[in-house]
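Asks: Quick one: the structure is below, and I'll ask about it shortly.
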Amino acid sequence: MLNELALDEWTDGACRAVERAARIASWRQAAEVNALHLLAALMLDEGRAAGRLATQGLSPGRLLVVVAPDATAWPDDVESYSTAVPWSRDASTLLHEAQAQALRQSGIPGVGTDHILWSLVHIASSAGEILADHGLTPEIYAPAPVPAVASAPIAMPEGIDVELAASQPPPLFVLWRLIDASANRAREALRVIEDYTRFVLNDAFLSRELKQARHDFTDAMRFFPSEELLASRDTIGDVGTTVSTPAEYQRTGITAVLTAAFKRLQEALRSIEEYTKAFDGVLSQRFEALRYRTYTLEKAVLRSQFNSARLANQRVYLLVTDALCPLGAGRVIHEALAAGVRIIQIREKAMSDRQLIAHCRNVRKWTRSHDALMIVNDRPDIAAMVEADGVHLGQEECTVADARMIVGPERLIGVSTHTIEQARQAVLDGADYLGVGPTFPTTTKDFAEFPGLAFVNQVAQEIALPWFAIGGITLKNIDDVMLAGAQRFAVSSAICSADNPRSAAVQFFTAIGGSPSLSLEEDDEFDE
């Protein structure tokens, strides 16, 4: 958090206080720099804050009892201690508040020791309690403003008659008006998007991510003087309120509303980012980082919406490995397609590339004739080569981004996940659907641990992106999987190894309340 501060514009005394606070924490062998270390650093300096503390009767000796009750004196060699001690979140917040106060006063982040003391007084902490005991309370404390430094006039050479335009940044009042307008647009857009993920997608994970983005935006906006922002607002006099186009009042559907909100959000963040560069480059970087986050969120939200519609009717996902099929993979796939299965994954680890390509091309013809999807396991290159509908990746295979470069924007990319953290990351990475498991022990893979039904329930509670419970699912345990929240199911041995694969598939559809397409009679002959 400290790298977000404009320390190069702070006074020497304030910079010394930050450094000395870390050295005091090192002396005390503390895990983090805290508020008391920061207060001690101010007191041991000769700055304005130290003088203010002395007039209130707070001496180094009195503070020593609190900071180092086992010590008899402050160390003479405090400067010899390391500064490589991490700052606690609370102590970092104090420094950010000090910079925010400096901005409110003078429009620049030129923090002095008095501003740091102001934050210690006004922000709740263990140091604030000590200061209040010595009469320094928010009601009576106000820091003196930092005087502006006047620039020296430019001496022009004789004989040159040039009238120089004043090279001054726009008045702060104008900047505040620009930033206030963009901030309002950003807040409004964030709320529109968050409402969609909450009430339409019912996606707890993405709703939480957007809520965090909204809170982080609010936190960044604290560095602007709220009173000045509000005072600069002039909605009645805003010429833009009378400029509009018919397209602004027309949306082709809810997705168009969502897309427009994301674009409005990103434009507003870019505007704040650019105008903030006029007085605080570090704060500008914070808004830049927020803008980049919204690009990831936009992809995750829109793909969740798109794939929920695309895979809406896909309830049974069949993984086929020839070694698990006593009747042969070709017969099993035909029987499953005849029963209504409309998504088939080819999972063949033992085949050579040539064998796999030939096999996939056959399956591609069969699935097309039934308007079904074909997925290739692990191999985005072969998926693209055989014109499959997608590829499925494990945690050890290539990333979603790398696979996307091979298979293109239209093909599906599924990702196997074994923890809720992996599931969340796959959503942000741009996966089109998830495999969630293994739910039970399985004959296709060996796992030391099984996330089980608890993991299924976690994903059901959080994620709206289509996902399939996977791993050892049979007709005997599928009711338990549904009770855990699953609506889609990836099945392998229970159909592949069945004496009658078509009947087994139909029974799965019946168990989940689906609609199988049809008869249990023998399929016509097929050419593999």
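Chains: A, B, ... in order of the structure tokens. Residues: from 1 per chain. Ligands: from 1, in order shown.
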For region 193-221 of chain A versus region 281-295 of chain A, which residues have an atom no more than 8 Å away, and what is each residue's nearest atom pair and distance in Å rounded to one decimal, using only C-alpha atoms, chain-then-number order, as JSON lines?
Replies:
{"residue": "A:Ala213", "atom": "CA", "partner": "A:Leu290", "partner_atom": "CA", "distance": 7.3}
{"residue": "A:Phe217", "atom": "CA", "partner": "A:Leu290", "partner_atom": "CA", "distance": 7.4}
{"residue": "A:Ala220", "atom": "CA", "partner": "A:Arg286", "partner_atom": "CA", "distance": 7.3}
Asks: Taking the backbone alone, and naming residues the way the document does, which bits of region 191-430 of chain A are helix (DSSP H, G or I) by DSSP, as a ChimeraX atom specification?
Replies: /A:191-199,204-221,226-232,239-242,246-249,254-276,281-310,322-324,329-339,353-369,380-385,400-407,420-429
Asks: Enter the distance from CA of Gly513 (chain A) to CA of Pro501 (chain A), in Å, rounded to one decimal.
Replies: 18.5 Å
Asks: Could you jot down the CA of Arg185 (chain A) to CA of Gln250 (chain A) separation for me, Å, one decimal place?
Replies: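 These atoms are spaced 18.4 Å apart.
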Asks: Please provide as JSON, numbers by chain all residues within 8 Å of Ala31 (chain A), with the sequence filter that same-chain residues fewer than 2 positions apart are discarded (counting only C-alpha atoms).
Replies: {"A": [25, 29, 33, 85, 86]}
Asks: CA of Arg104 (chain A) and CA of Ile116 (chain A) are how many Å apart?
Replies: 13.8 Å
Asks: For a quick check of understanding, using only C-alpha atoms, which of A:Cys325, A:Ala490, A:Ala454, A:Lys277 has the smallest distance to Ile343 (chain A)?
Replies: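 That would be A:Ala490, the residue with the smallest distance to Ile343 (chain A).
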Asks: Determine the nearest neighbour of Gly340 (chain A) from the options A:Leu229, A:Ala505, A:Arg361, A:Glu188, counting only C-alpha atoms.
Replies: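 Among the listed residues, A:Ala505 lies closest to Gly340 (chain A).
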Asks: Kindly indicate which residue among A:Gln105, A:Thr474, A:Thr276, A:Asn307 lies nearest to Ala183 (chain A), using only C-alpha atoms for the distances.
Replies: A:Thr276
Asks: Within 10 Å of Ala401 (chain A), counting only C-alpha atoms, which residues show up once you throw out same-chain ones fewer than 6 positions away? Write them as a VMD selection string, please.
Replies: chain A and resid 413 429 to 431
Asks: Can you tell me which residues surround Ile108 (chain A) at a distance of at most 8 Å, considering only C-alpha atoms, apart from same-chain residues fewer than 4 positions away, and format the answer as a short mmCIF file (atom, residue, chain, number, x, y, z; two decimals) with N, CA and C atoms, in the first residue's frame?
Replies:
data_model
loop_
_atom_site.label_atom_id
_atom_site.label_comp_id
_atom_site.auth_asym_id
_atom_site.auth_seq_id
_atom_site.Cartn_x
_atom_site.Cartn_y
_atom_site.Cartn_z
N ALA A 102 -3.58 16.37 3.21
CA ALA A 102 -2.73 17.35 2.52
C ALA A 102 -3.38 17.78 1.21
N LEU A 103 -3.98 16.82 0.50
CA LEU A 103 -4.67 17.17 -0.75
C LEU A 103 -5.86 18.08 -0.48
N PHE A 279 -1.93 16.35 -10.88
CA PHE A 279 -1.44 16.71 -9.54
C PHE A 279 -0.98 15.52 -8.71
N ASP A 280 -1.25 14.27 -9.14
CA ASP A 280 -0.81 13.13 -8.34
C ASP A 280 -0.71 11.90 -9.22
#
Asks: Do a neighbour search on Leu258 (chain A) at 10 Å with only C-alpha atoms, toss out local chain neighbours closer than 4 positions, and write the hits as an NGL selection string.
Replies: :A and (189 or 192-197 or 251 or 253-254 or 262-264 or 298 or 301-302)
Asks: Would you save the residues of that selection, restricted to C-alpha atoms, as a tab-separated table (two decimals), in the first residue's frame?
Replies:
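Heads up, here's the output in again.tsv:
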chain	number	residue	atom	x	y	z
A	189	ALA	CA	-22.19	2.07	-13.91
A	192	VAL	CA	-25.90	-1.27	-12.81
A	193	ILE	CA	-23.39	-4.09	-13.35
A	194	GLU	CA	-23.48	-5.30	-9.76
A	195	ASP	CA	-27.29	-5.43	-9.87
A	196	TYR	CA	-27.07	-7.65	-12.95
A	197	THR	CA	-24.68	-10.17	-11.40
A	251	ARG	CA	-31.05	-0.92	-25.80
A	253	GLY	CA	-31.71	-6.22	-24.63
A	254	ILE	CA	-30.30	-6.75	-21.17
A	262	PHE	CA	-19.08	-1.49	-18.62
A	263	LYS	CA	-18.00	0.94	-21.35
A	264	ARG	CA	-19.30	3.88	-19.34
A	298	GLU	CA	-16.36	-7.44	-18.10
A	301	VAL	CA	-19.63	-11.32	-16.52
A	302	LEU	CA	-20.43	-11.31	-20.23
Asks: Determine the nearest neighbour of Pro60 (chain A) from the options A:His37, A:Lys349, A:Arg89, A:Arg342, counting only C-alpha atoms.
Replies: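 So, comparing all the options, the nearest one is A:His37.
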Asks: Pick out the residues sitting within 12 Å of Gly135 (chain A), and hand them over as a list in words; count only C-alpha atoms, and ignore anything fewer than 2 positions along from it in its own chain.
Replies: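 My list of contacting residues is Arg52, Leu53, Ala54, Thr55, Gln56, Gly57, Leu58, Val121, Gly128, Glu129, Ile130, Leu131, Ala132, Asp133, Thr137, Pro138, Glu139, Ile140 and Tyr141 of chain A.
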Asks: Keeping C-alpha atoms for every residue in the selection just given, could you write it to a file as a compact mmCIF listing (two decimals), in the first residue's frame?
Replies:
# COMPACT_ATOMS: atom_id res chain seq x y z
CA ARG A 52 2.78 19.97 19.20
CA LEU A 53 3.14 16.75 21.20
CA ALA A 54 5.53 18.38 23.66
CA THR A 55 3.09 21.23 24.38
CA GLN A 56 0.47 18.61 25.24
CA GLY A 57 2.77 17.04 27.83
CA LEU A 58 3.47 13.87 25.87
CA VAL A 121 -5.67 11.96 16.02
CA GLY A 128 -5.25 7.82 19.03
CA GLU A 129 -6.27 6.72 22.51
CA ILE A 130 -2.98 7.99 23.99
CA LEU A 131 -3.31 11.31 22.13
CA ALA A 132 -6.87 11.76 23.35
CA ASP A 133 -5.67 11.20 26.93
CA THR A 137 -8.84 15.10 19.99
CA PRO A 138 -10.44 15.45 16.53
CA GLU A 139 -12.65 18.27 17.87
CA ILE A 140 -9.75 20.60 18.69
CA TYR A 141 -7.01 19.48 16.30
Asks: Which one of A:Phe450, A:Phe223, A:Tyr275, A:Phe205 sits closest to Leu178 (chain A) if you count only C-alpha atoms?
Replies: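 Residue with the minimum atom-to-atom distance to Leu178 (chain A): A:Tyr275.
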Asks: Taking only C-alpha atoms into account, name the residue in A:Leu63, A:Val111, A:Leu95, A:Ala464 that is nearest to Ala309 (chain A).
Replies: A:Ala464
